[in-house]
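I have placed the structure first, in the form of structure tokens, so that the comments after it can refer back to it.
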Amino acid sequence: MAVKYVFVTGGVVSGLGKGITAASLGRLLKARGYQVTMQKFDPYINVDPGTMNPIQHGEVFVTDDGTETDLDLGHYERFIDESLDKNSNVTTGKIYWSVLNKERRGDYGGGTVQVIPHITNEIKSRFYQSKDSEDNRIAIIEVGGTVGDIESQPFLEAIRQFQHEVGHENAVLIHVTLIPYLKASGEIKTKPTQQSVKELQGMGLWPDVLVCRSEHPLPEEVKKKIAQFCNVPEGNVLQNLDVEYLYEAPLAMEQERLAQVVCEALNLACPEPDLSDWKQMVKNLRHPEMDVEIAVVGKYIQLHDAYLSVVEALKHGGIAAKASVKIRWIDSEELTRENAAYVLQGVHGVLVPGGFGTRGTEGKIVAIEYAREQKIPFLGICLGMQMAIVEFARNVLGYKDAHSIELKPDTTYPVIALMAEQNGVVNIGGTLRLGAYPCKLKENSLAHKLYGATDISERHRHRYEVNNDYREELESHGMTLSGQSPDGRIVEMVEISDHPYFIGTQGHPEFKSRPNKPHPLFRGLIMAAVEYENQLTNQ
């Protein structure tokens, strides 16, 4: 079969969960033996979210090939367990960048460059088609924003043209919409959905499936009304109620027959899915045997989406350990040596995630010192690992002025220095060390035991590294440089052997964690937290 396409749009309001709906469909189709790939088309004009403030946009997710993407791609990867790439996140900025470069080169032969056909043709060219075998392949493509937004119009027009070109039986449209409930009158209202679908129809698009987000179950008469006014088969009006746990969403949508309806619209067979592994994972998630509390120490805690993959990876570790993971959010700007014992009292683990800039770094160093001295399980990620080096240099080596030259250029002891290839780099966007890089682990180290291998790979997003001039002193005072690049030039992982669990990584392991395949470092952290909690209980 040729590649089949499923487009997912949203209506009425933003934040309805288009990404989770798309990812759930991907999981359900993959469980039926189909090859699934996913894309996100974002209407914003930024080339990518790499330079955007996490408070505005949430975390930047990084793929194996080093593409900085929207956080929805993290959901896609976690649900379908596939590594996505540069084709998987397309922005208005990328589209216009490409078109303008072509115009400057003269590719358009001196013609007038317009939204139609040049912009829409560029968008259509990005609808991903694998160069590998196309057998049983389905591409799920989410369009960001809300129908009616000015920014989204070129994408919707491109979908209209594309459907006409490949045939409606090869490209169907799911519209995720809100069915509000008016508490005062006790009524479920369908008018916003009708208006949203009407907006789509005015652009020449007819939804094949309506996924209705609602706080209350939709009565049959409401579904009939929606179907009638929106010109959609009644069986294709599906409710999407809130679920207690994110990873229950595919199972809830399976009960609503989402995959069956989509397969029928695409003229595809719909065999029984194998969801046994996913169901067991959800069962473990729903029935933990104990609770552990992990302190996440960062400067963006007012928006938890800034650390979305970290949060999900902690949950994955909890699923493996049959433990419910509670997160204690600690503002690193507020943490000091004077209040650390009070603020961190009772936590079973400490995690310092990645980040950029000087704000809040001293609080992160305080948290690391407390975890190291109190023997509390600790995981440092990217900047978190670098600050662990700074803390160790200050408080164990005695270099009180030790710091990263990124944060204090005039430091006397630059234990964290600029990577050689980053010298002279001026542009901010897309110039970091990005994507998957190999790492060799020291045998019999904690990292080696956790991974069960000596050769591993992790995704990166950084510009600074451990200064090799201080390696010998760090190791002679008890810090193990347990992971290095294959050429031995870059320190990738560090740990302290006389600590129950103290490990830092220059990579971002959270990006590769899956709910049914937790990342070794997060599984190890939660296992160590469980053991630490048991020790506290038995004291």
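Identifiers in the structure tokens: chain A, B, ... in order shown; residue index from 1 per chain; ligand index from 1 in order shown.
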
Discussion item. Set the distance at 10 Å and use only C-alpha atoms: which residues neighbour range 457-460 of chain A once local chain neighbours fewer than 5 positions away are removed? I'd like the list as a PyMOL selection string.
Written reply: chain A and resi 61-66+382+432-440+485+492+505-512

Worksheet item: Residues at most 12 Å from Thr537 in chain A, counting only C-alpha atoms, excluding those fewer than 2 positions away in the same chain, as a list in words?
Response: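 Near Thr537 in chain A, the qualifying residues are Met290, Val292, Gly346, His348, Val530, Glu531, Tyr532, Glu533, Asn534, Gln535 and Gln539 of chain A.
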
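The spacing separating CA of Val113 in chain A from CA of Pro154 in chain A amounts to 14.1 Å.
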
Practice prompt. Name the residues of range 235-381 of chain A that come out as strand (DSSP E) in a backbone DSSP run; write them as a PyMOL selection string.
Written response: chain A and resi 237-241+290-298+323-331+349-352+378-381

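Close contacts of Ala252 in chain A, defined as residues with an atom at most 10 Å away when counting only C-alpha atoms, with chain neighbours fewer than 3 positions off set aside, comprise Ser24, Gln239, Asn240, Leu241, Asp242, Val243, Tyr247, Glu248, Ala249, Gln255, Glu256, Arg257 and Leu258 of chain A.
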
Residues from the last selection, N, CA, C and O atoms, saved as a PDB file, in the first residue's frame:
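Saved result, result-v4.pdb, follows:
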ATOM      1  N   SER A  24      -1.832   8.739  20.841  1.00  0.00           N
ATOM      2  CA  SER A  24      -2.632   7.561  21.196  1.00  0.00           C
ATOM      3  C   SER A  24      -3.004   6.767  19.953  1.00  0.00           C
ATOM      4  O   SER A  24      -2.935   5.527  19.942  1.00  0.00           O
ATOM      5  N   GLN A 239     -16.038  10.466  21.974  1.00  0.00           N
ATOM      6  CA  GLN A 239     -15.772  11.284  23.159  1.00  0.00           C
ATOM      7  C   GLN A 239     -14.376  10.983  23.681  1.00  0.00           C
ATOM      8  O   GLN A 239     -13.872   9.865  23.564  1.00  0.00           O
ATOM      9  N   ASN A 240     -13.758  11.987  24.237  1.00  0.00           N
ATOM     10  CA  ASN A 240     -12.422  11.851  24.817  1.00  0.00           C
ATOM     11  C   ASN A 240     -12.463  12.492  26.193  1.00  0.00           C
ATOM     12  O   ASN A 240     -12.229  13.683  26.356  1.00  0.00           O
ATOM     13  N   LEU A 241     -12.814  11.678  27.190  1.00  0.00           N
ATOM     14  CA  LEU A 241     -12.926  12.166  28.562  1.00  0.00           C
ATOM     15  C   LEU A 241     -11.553  12.227  29.213  1.00  0.00           C
ATOM     16  O   LEU A 241     -10.602  11.573  28.782  1.00  0.00           O
ATOM     17  N   ASP A 242     -11.455  13.029  30.267  1.00  0.00           N
ATOM     18  CA  ASP A 242     -10.211  13.091  31.023  1.00  0.00           C
ATOM     19  C   ASP A 242      -9.895  11.721  31.608  1.00  0.00           C
ATOM     20  O   ASP A 242     -10.800  10.995  32.043  1.00  0.00           O
ATOM     21  N   VAL A 243      -8.609  11.368  31.617  1.00  0.00           N
ATOM     22  CA  VAL A 243      -8.170  10.132  32.263  1.00  0.00           C
ATOM     23  C   VAL A 243      -7.280  10.506  33.441  1.00  0.00           C
ATOM     24  O   VAL A 243      -6.664  11.577  33.469  1.00  0.00           O
ATOM     25  N   TYR A 247      -1.025   7.853  30.406  1.00  0.00           N
ATOM     26  CA  TYR A 247      -0.807   6.666  29.574  1.00  0.00           C
ATOM     27  C   TYR A 247      -2.035   5.767  29.481  1.00  0.00           C
ATOM     28  O   TYR A 247      -2.007   4.740  28.803  1.00  0.00           O
ATOM     29  N   GLU A 248      -3.113   6.177  30.132  1.00  0.00           N
ATOM     30  CA  GLU A 248      -4.385   5.498  29.928  1.00  0.00           C
ATOM     31  C   GLU A 248      -5.084   5.964  28.656  1.00  0.00           C
ATOM     32  O   GLU A 248      -6.026   5.319  28.187  1.00  0.00           O
ATOM     33  N   ALA A 249      -4.632   7.077  28.086  1.00  0.00           N
ATOM     34  CA  ALA A 249      -5.317   7.664  26.932  1.00  0.00           C
ATOM     35  C   ALA A 249      -5.461   6.694  25.760  1.00  0.00           C
ATOM     36  O   ALA A 249      -6.549   6.583  25.180  1.00  0.00           O
ATOM     37  N   GLN A 255     -11.255   1.989  23.484  1.00  0.00           N
ATOM     38  CA  GLN A 255     -12.655   1.710  23.816  1.00  0.00           C
ATOM     39  C   GLN A 255     -13.602   2.550  22.964  1.00  0.00           C
ATOM     40  O   GLN A 255     -14.714   2.123  22.664  1.00  0.00           O
ATOM     41  N   GLU A 256     -13.142   3.732  22.556  1.00  0.00           N
ATOM     42  CA  GLU A 256     -13.961   4.602  21.706  1.00  0.00           C
ATOM     43  C   GLU A 256     -13.847   4.237  20.219  1.00  0.00           C
ATOM     44  O   GLU A 256     -14.431   4.909  19.385  1.00  0.00           O
ATOM     45  N   ARG A 257     -13.041   3.225  19.906  1.00  0.00           N
ATOM     46  CA  ARG A 257     -12.895   2.716  18.546  1.00  0.00           C
ATOM     47  C   ARG A 257     -12.159   3.704  17.628  1.00  0.00           C
ATOM     48  O   ARG A 257     -12.390   3.735  16.416  1.00  0.00           O
ATOM     49  N   LEU A 258     -11.244   4.487  18.159  1.00  0.00           N
ATOM     50  CA  LEU A 258     -10.546   5.480  17.342  1.00  0.00           C
ATOM     51  C   LEU A 258      -9.805   4.822  16.179  1.00  0.00           C
ATOM     52  O   LEU A 258      -9.947   5.247  15.024  1.00  0.00           O
TER      53      LEU A 258
END

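Ranking A:Lys40, A:Arg328, A:Lys86, A:Arg372 by their shortest atom-to-atom distance to Phe155 in chain A, with only C-alpha atoms included, puts A:Lys40 first.
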
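The space separating CA of Gln374 in chain A from CA of Ile294 in chain A comes to 14.6 Å.
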
Item to complete: May I have the residues within 9 Å of range 226-229 of chain A as a PyMOL selection string, using only C-alpha atoms and disregarding those fewer than 5 positions away in the same chain?
Response: chain A and resi 190-191+193-194+210+221+234-237

Response to the item:
As a check of understanding: the span from CA of Val350 in chain A to CA of Asn284 in chain A is 23.4 Å

Worksheet item: Hey, what's within 10 Å of His168 in chain A if we count only C-alpha atoms and toss same-chain stuff fewer than 5 positions away? As an NGL selection string, please?
Response: :A and (4-5 or 160 or 162-163 or 173 or 208 or 265-266)

Just to be explicit: take each residue in the selection above, keep C-alpha atoms, and write the result as a PDB file, in the first residue's frame.
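So result-v1.pdb came out as:
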ATOM      1  CA  LYS A   4      -1.660   6.725   4.244  1.00  0.00           C
ATOM      2  CA  TYR A   5      -2.037  10.060   6.012  1.00  0.00           C
ATOM      3  CA  ARG A 160      -6.943  20.631   1.255  1.00  0.00           C
ATOM      4  CA  PHE A 162      -2.932  17.411  -0.647  1.00  0.00           C
ATOM      5  CA  GLN A 163      -6.164  15.500  -0.049  1.00  0.00           C
ATOM      6  CA  LEU A 173      -8.827  14.404   8.885  1.00  0.00           C
ATOM      7  CA  ASP A 208     -13.782  12.395   8.869  1.00  0.00           C
ATOM      8  CA  ALA A 265     -11.871   5.793   6.632  1.00  0.00           C
ATOM      9  CA  LEU A 266      -8.534   4.779   5.073  1.00  0.00           C
TER      10      LEU A 266
END

So which residues of range 107-301 of chain A fall under helix (DSSP H, G or I) by DSSP, listed as a short mmCIF file (atom, residue, chain, number, x, y, z; two decimals) with N, CA, C and O atoms, in the first residue's frame?
data_model
loop_
_atom_site.label_atom_id
_atom_site.label_comp_id
_atom_site.auth_asym_id
_atom_site.auth_seq_id
_atom_site.Cartn_x
_atom_site.Cartn_y
_atom_site.Cartn_z
N VAL A 115 1.88 33.05 -1.28
CA VAL A 115 1.49 32.00 -0.33
C VAL A 115 1.00 30.78 -1.09
O VAL A 115 1.35 29.64 -0.78
N ILE A 116 0.13 31.03 -2.09
CA ILE A 116 -0.29 29.96 -2.99
C ILE A 116 0.24 30.32 -4.38
O ILE A 116 -0.06 31.41 -4.89
N PRO A 117 1.09 29.48 -4.98
CA PRO A 117 1.34 28.09 -4.62
C PRO A 117 2.64 27.84 -3.85
O PRO A 117 2.89 26.72 -3.43
N HIS A 118 3.50 28.85 -3.69
CA HIS A 118 4.86 28.56 -3.23
C HIS A 118 4.93 28.08 -1.78
O HIS A 118 5.60 27.10 -1.48
N ILE A 119 4.25 28.79 -0.88
CA ILE A 119 4.27 28.38 0.52
C ILE A 119 3.54 27.05 0.69
O ILE A 119 4.04 26.12 1.36
N THR A 120 2.36 26.91 0.10
CA THR A 120 1.61 25.66 0.24
C THR A 120 2.34 24.49 -0.40
O THR A 120 2.31 23.36 0.11
N ASN A 121 3.03 24.72 -1.51
CA ASN A 121 3.81 23.64 -2.13
C ASN A 121 4.96 23.21 -1.22
O ASN A 121 5.27 22.01 -1.12
N GLU A 122 5.58 24.18 -0.55
CA GLU A 122 6.67 23.84 0.37
C GLU A 122 6.14 23.03 1.55
O GLU A 122 6.78 22.07 2.00
N ILE A 123 4.96 23.41 2.04
CA ILE A 123 4.35 22.65 3.14
C ILE A 123 4.05 21.23 2.69
O ILE A 123 4.38 20.24 3.38
N LYS A 124 3.45 21.09 1.53
CA LYS A 124 3.10 19.75 1.02
C LYS A 124 4.35 18.89 0.84
O LYS A 124 4.30 17.67 1.07
N SER A 125 5.46 19.51 0.46
CA SER A 125 6.69 18.74 0.27
C SER A 125 7.20 18.16 1.58
O SER A 125 7.99 17.21 1.57
N ARG A 126 6.76 18.73 2.71
CA ARG A 126 7.23 18.26 4.01
C ARG A 126 6.36 17.14 4.58
O ARG A 126 6.74 16.56 5.61
N ILE A 150 -5.01 32.92 12.07
CA ILE A 150 -4.43 33.39 10.81
C ILE A 150 -3.20 32.55 10.45
O ILE A 150 -2.99 32.17 9.29
N GLU A 151 -2.40 32.24 11.46
CA GLU A 151 -1.14 31.53 11.22
C GLU A 151 -1.34 30.14 10.62
O GLU A 151 -0.49 29.63 9.91
N SER A 152 -2.48 29.51 10.92
CA SER A 152 -2.71 28.12 10.50
C SER A 152 -3.24 28.00 9.08
O SER A 152 -3.23 26.90 8.53
N GLN A 153 -3.71 29.08 8.51
CA GLN A 153 -4.41 28.99 7.23
C GLN A 153 -3.58 28.36 6.11
O GLN A 153 -4.11 27.51 5.36
N PRO A 154 -2.30 28.71 5.93
CA PRO A 154 -1.54 28.06 4.86
C PRO A 154 -1.42 26.54 5.04
O PRO A 154 -1.45 25.80 4.06
N PHE A 155 -1.32 26.09 6.29
CA PHE A 155 -1.22 24.65 6.54
C PHE A 155 -2.53 23.95 6.17
O PHE A 155 -2.52 22.86 5.57
N LEU A 156 -3.65 24.55 6.54
CA LEU A 156 -4.94 23.95 6.22
C LEU A 156 -5.20 23.95 4.72
O LEU A 156 -5.74 22.97 4.18
N GLU A 157 -4.79 25.00 4.05
CA GLU A 157 -4.93 25.04 2.59
C GLU A 157 -4.05 23.96 1.95
O GLU A 157 -4.46 23.31 0.98
N ALA A 158 -2.87 23.76 2.49
CA ALA A 158 -1.99 22.71 1.97
C ALA A 158 -2.62 21.33 2.14
O ALA A 158 -2.52 20.46 1.26
N ILE A 159 -3.27 21.11 3.28
CA ILE A 159 -3.96 19.83 3.51
C ILE A 159 -5.08 19.65 2.49
O ILE A 159 -5.27 18.56 1.93
N ARG A 160 -5.85 20.72 2.24
CA ARG A 160 -6.94 20.63 1.25
C ARG A 160 -6.41 20.22 -0.11
O ARG A 160 -6.94 19.31 -0.76
N GLN A 161 -5.33 20.87 -0.54
CA GLN A 161 -4.74 20.54 -1.83
C GLN A 161 -4.20 19.11 -1.84
O GLN A 161 -4.38 18.37 -2.80
N PHE A 162 -3.56 18.73 -0.74
CA PHE A 162 -2.93 17.41 -0.65
C PHE A 162 -3.98 16.31 -0.71
O PHE A 162 -3.78 15.29 -1.39
N GLN A 163 -5.09 16.49 0.01
CA GLN A 163 -6.16 15.50 -0.05
C GLN A 163 -6.66 15.32 -1.48
O GLN A 163 -6.93 14.20 -1.92
N HIS A 164 -6.78 16.41 -2.20
CA HIS A 164 -7.25 16.35 -3.59
C HIS A 164 -6.25 15.60 -4.47
O HIS A 164 -6.64 14.85 -5.37
N GLU A 165 -4.95 15.78 -4.17
CA GLU A 165 -3.91 15.17 -5.00
C GLU A 165 -3.78 13.67 -4.75
O GLU A 165 -3.60 12.90 -5.69
N VAL A 166 -3.82 13.24 -3.48
CA VAL A 166 -3.58 11.82 -3.17
C VAL A 166 -4.87 11.02 -3.04
O VAL A 166 -4.84 9.79 -2.97
N HIS A 168 -8.99 11.24 -1.13
CA HIS A 168 -9.47 11.33 0.25
C HIS A 168 -9.32 10.01 0.99
O HIS A 168 -9.16 9.98 2.21
N GLU A 169 -9.34 8.88 0.27
CA GLU A 169 -9.20 7.58 0.94
C GLU A 169 -7.78 7.36 1.44
O GLU A 169 -7.52 6.41 2.19
N ASN A 170 -6.83 8.23 1.03
CA ASN A 170 -5.43 8.11 1.47
C ASN A 170 -5.03 9.20 2.46
O ASN A 170 -3.91 9.18 2.96
N LYS A 191 -22.59 23.93 20.19
CA LYS A 191 -22.45 25.02 19.23
C LYS A 191 -21.00 25.38 18.91
O LYS A 191 -20.65 25.61 17.74
N PRO A 192 -20.09 25.46 19.91
CA PRO A 192 -18.69 25.76 19.57
C PRO A 192 -18.09 24.75 18.59
O PRO A 192 -17.34 25.14 17.69
N THR A 193 -18.43 23.47 18.76
CA THR A 193 -17.93 22.46 17.83
C THR A 193 -18.51 22.67 16.44
O THR A 193 -17.81 22.56 15.43
N GLN A 194 -19.80 22.97 16.38
CA GLN A 194 -20.44 23.23 15.08
C GLN A 194 -19.73 24.39 14.37
O GLN A 194 -19.46 24.33 13.17
N GLN A 195 -19.44 25.44 15.13
CA GLN A 195 -18.80 26.62 14.54
C GLN A 195 -17.39 26.29 14.05
O GLN A 195 -16.96 26.76 13.00
N SER A 196 -16.68 25.49 14.83
CA SER A 196 -15.32 25.12 14.46
C SER A 196 -15.31 24.29 13.18
O SER A 196 -14.47 24.51 12.28
N VAL A 197 -16.23 23.33 13.08
CA VAL A 197 -16.31 22.51 11.88
C VAL A 197 -16.73 23.36 10.68
O VAL A 197 -16.23 23.18 9.56
N LYS A 198 -17.64 24.30 10.92
CA LYS A 198 -18.06 25.21 9.85
C LYS A 198 -16.87 26.01 9.33
O LYS A 198 -16.75 26.26 8.12
N GLU A 199 -16.00 26.42 10.25
CA GLU A 199 -14.78 27.15 9.86
C GLU A 199 -13.92 26.28 8.95
O GLU A 199 -13.39 26.74 7.93
N LEU A 200 -13.77 25.02 9.31
CA LEU A 200 -13.00 24.08 8.49
C LEU A 200 -13.64 23.91 7.12
O LEU A 200 -12.96 23.92 6.08
N GLN A 201 -14.95 23.72 7.13
CA GLN A 201 -15.66 23.50 5.87
C GLN A 201 -15.53 24.70 4.95
O GLN A 201 -15.47 24.57 3.72
N GLY A 202 -15.48 25.89 5.53
CA GLY A 202 -15.29 27.10 4.73
C GLY A 202 -13.93 27.12 4.04
O GLY A 202 -13.73 27.86 3.07
N GLU A 220 -26.12 9.84 23.69
CA GLU A 220 -26.28 9.48 22.28
C GLU A 220 -26.96 10.58 21.48
O GLU A 220 -26.62 10.83 20.33
N GLU A 221 -27.94 11.25 22.11
CA GLU A 221 -28.63 12.31 21.36
C GLU A 221 -27.71 13.47 21.03
O GLU A 221 -27.87 14.15 20.00
N VAL A 222 -26.72 13.72 21.91
CA VAL A 222 -25.74 14.78 21.64
C VAL A 222 -24.84 14.37 20.48
O VAL A 222 -24.54 15.17 19.58
N LYS A 223 -24.40 13.10 20.48
CA LYS A 223 -23.57 12.62 19.37
C LYS A 223 -24.33 12.71 18.05
O LYS A 223 -23.77 13.09 17.01
N LYS A 224 -25.62 12.35 18.08
CA LYS A 224 -26.45 12.43 16.86
C LYS A 224 -26.55 13.87 16.37
O LYS A 224 -26.45 14.14 15.17
N LYS A 225 -26.72 14.79 17.30
CA LYS A 225 -26.83 16.20 16.93
C LYS A 225 -25.53 16.69 16.29
O LYS A 225 -25.55 17.38 15.26
N ILE A 226 -24.39 16.34 16.91
CA ILE A 226 -23.09 16.75 16.37
C ILE A 226 -22.91 16.17 14.97
O ILE A 226 -22.48 16.86 14.04
N ALA A 227 -23.20 14.88 14.82
CA ALA A 227 -23.05 14.22 13.52
C ALA A 227 -23.90 14.91 12.46
O ALA A 227 -23.44 15.15 11.33
N GLN A 228 -25.14 15.24 12.83
CA GLN A 228 -26.06 15.84 11.87
C GLN A 228 -25.60 17.22 11.42
O GLN A 228 -25.59 17.54 10.23
N PHE A 229 -25.20 18.05 12.37
CA PHE A 229 -24.83 19.42 12.05
C PHE A 229 -23.43 19.52 11.44
O PHE A 229 -23.13 20.50 10.75
N CYS A 230 -22.59 18.53 11.71
CA CYS A 230 -21.20 18.60 11.24
C CYS A 230 -20.94 17.70 10.04
O CYS A 230 -19.79 17.59 9.59
N GLU A 234 -22.37 9.27 12.54
CA GLU A 234 -22.55 9.25 13.99
C GLU A 234 -21.50 8.39 14.69
O GLU A 234 -21.02 8.72 15.78
N GLY A 235 -21.13 7.29 14.04
CA GLY A 235 -20.12 6.40 14.64
C GLY A 235 -18.74 7.00 14.66
O GLY A 235 -17.83 6.46 15.30
N ASN A 236 -18.55 8.12 13.97
CA ASN A 236 -17.25 8.78 13.93
C ASN A 236 -17.17 9.98 14.88
O ASN A 236 -16.21 10.74 14.84
N LEU A 246 -1.95 9.86 32.18
CA LEU A 246 -1.72 10.16 30.78
C LEU A 246 -1.69 8.90 29.91
O LEU A 246 -2.26 8.87 28.81
N TYR A 247 -1.02 7.85 30.41
CA TYR A 247 -0.81 6.67 29.57
C TYR A 247 -2.03 5.77 29.48
O TYR A 247 -2.01 4.74 28.80
N GLU A 248 -3.11 6.18 30.13
CA GLU A 248 -4.38 5.50 29.93
C GLU A 248 -5.08 5.96 28.66
O GLU A 248 -6.03 5.32 28.19
N ALA A 249 -4.63 7.08 28.09
CA ALA A 249 -5.32 7.66 26.93
C ALA A 249 -5.46 6.69 25.76
O ALA A 249 -6.55 6.58 25.18
N PRO A 250 -4.41 5.95 25.36
CA PRO A 250 -4.61 5.01 24.25
C PRO A 250 -5.66 3.95 24.55
O PRO A 250 -6.44 3.56 23.65
N LEU A 251 -5.71 3.47 25.79
CA LEU A 251 -6.69 2.45 26.15
C LEU A 251 -8.10 3.03 26.13
O LEU A 251 -9.05 2.36 25.69
N ALA A 252 -8.23 4.29 26.58
CA ALA A 252 -9.53 4.94 26.54
C ALA A 252 -9.99 5.16 25.11
O ALA A 252 -11.17 4.95 24.77
N MET A 253 -9.08 5.55 24.24
CA MET A 253 -9.44 5.77 22.84
C MET A 253 -9.66 4.47 22.08
O MET A 253 -10.38 4.44 21.09
N GLU A 254 -9.06 3.39 22.56
CA GLU A 254 -9.36 2.07 21.98
C GLU A 254 -10.81 1.68 22.28
O GLU A 254 -11.51 1.14 21.41
N GLN A 255 -11.26 1.99 23.48
CA GLN A 255 -12.66 1.71 23.82
C GLN A 255 -13.60 2.55 22.96
O GLN A 255 -14.71 2.12 22.66
N LEU A 258 -11.24 4.49 18.16
CA LEU A 258 -10.55 5.48 17.34
C LEU A 258 -9.80 4.82 16.18
O LEU A 258 -9.95 5.25 15.02
N ALA A 259 -9.01 3.81 16.47
CA ALA A 259 -8.23 3.16 15.41
C ALA A 259 -9.13 2.49 14.38
O ALA A 259 -8.87 2.55 13.17
N GLN A 260 -10.21 1.85 14.86
CA GLN A 260 -11.12 1.19 13.93
C GLN A 260 -11.74 2.20 12.97
O GLN A 260 -11.83 1.96 11.76
N VAL A 261 -12.18 3.32 13.50
CA VAL A 261 -12.83 4.35 12.68
C VAL A 261 -11.84 4.90 11.64
O VAL A 261 -12.19 5.09 10.47
N VAL A 262 -10.60 5.15 12.07
CA VAL A 262 -9.59 5.67 11.15
C VAL A 262 -9.26 4.65 10.08
O VAL A 262 -9.14 5.00 8.88
N CYS A 263 -9.11 3.39 10.46
CA CYS A 263 -8.81 2.34 9.48
C CYS A 263 -9.94 2.22 8.45
O CYS A 263 -9.68 2.04 7.24
N GLU A 264 -11.17 2.31 8.91
CA GLU A 264 -12.30 2.25 7.98
C GLU A 264 -12.25 3.42 7.00
O GLU A 264 -12.48 3.25 5.80
N ALA A 265 -11.93 4.62 7.49
CA ALA A 265 -11.87 5.79 6.63
C ALA A 265 -10.75 5.68 5.61
O ALA A 265 -10.85 6.22 4.50
N SER A 276 -1.04 -5.80 25.31
CA SER A 276 -0.79 -6.46 26.60
C SER A 276 0.31 -5.76 27.40
O SER A 276 0.17 -5.53 28.61
N ASP A 277 1.40 -5.40 26.72
CA ASP A 277 2.52 -4.74 27.40
C ASP A 277 2.08 -3.38 27.94
O ASP A 277 2.40 -3.00 29.06
N TRP A 278 1.31 -2.64 27.14
CA TRP A 278 0.85 -1.31 27.55
C TRP A 278 -0.13 -1.43 28.72
O TRP A 278 -0.07 -0.64 29.67
N LYS A 279 -1.02 -2.41 28.66
CA LYS A 279 -1.99 -2.60 29.74
C LYS A 279 -1.30 -2.95 31.05
O LYS A 279 -1.69 -2.47 32.12
N GLN A 280 -0.25 -3.79 30.97
CA GLN A 280 0.49 -4.16 32.18
C GLN A 280 1.19 -2.95 32.76
O GLN A 280 1.21 -2.75 33.98
N MET A 281 1.75 -2.11 31.87
CA MET A 281 2.41 -0.88 32.34
C MET A 281 1.42 0.01 33.05
O MET A 281 1.71 0.56 34.13
N VAL A 282 0.23 0.20 32.49
CA VAL A 282 -0.80 1.05 33.11
C VAL A 282 -1.25 0.45 34.43
O VAL A 282 -1.49 1.18 35.41
N LYS A 283 -1.36 -0.87 34.49
CA LYS A 283 -1.74 -1.53 35.75
C LYS A 283 -0.72 -1.24 36.84
O LYS A 283 -1.08 -0.92 37.99
N ASN A 284 0.57 -1.33 36.50
CA ASN A 284 1.62 -1.02 37.48
C ASN A 284 1.58 0.45 37.89
O ASN A 284 1.83 0.78 39.06
N LEU A 285 1.26 1.30 36.92
CA LEU A 285 1.16 2.74 37.21
C LEU A 285 0.01 3.02 38.17
O LEU A 285 0.14 3.84 39.10
N ARG A 286 -1.09 2.34 37.99
CA ARG A 286 -2.28 2.58 38.80
C ARG A 286 -2.20 1.95 40.19
O ARG A 286 -2.92 2.38 41.10
#

Worksheet item: Got a sec: who's within 7 Å of Ala31 in chain A, counting only C-alpha atoms, leaving out chain neighbours fewer than 3 positions off, as a list in words?
Response: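 The residues that qualify are Arg27, Leu28, Pro273, Asp274 and Leu275 of chain A.
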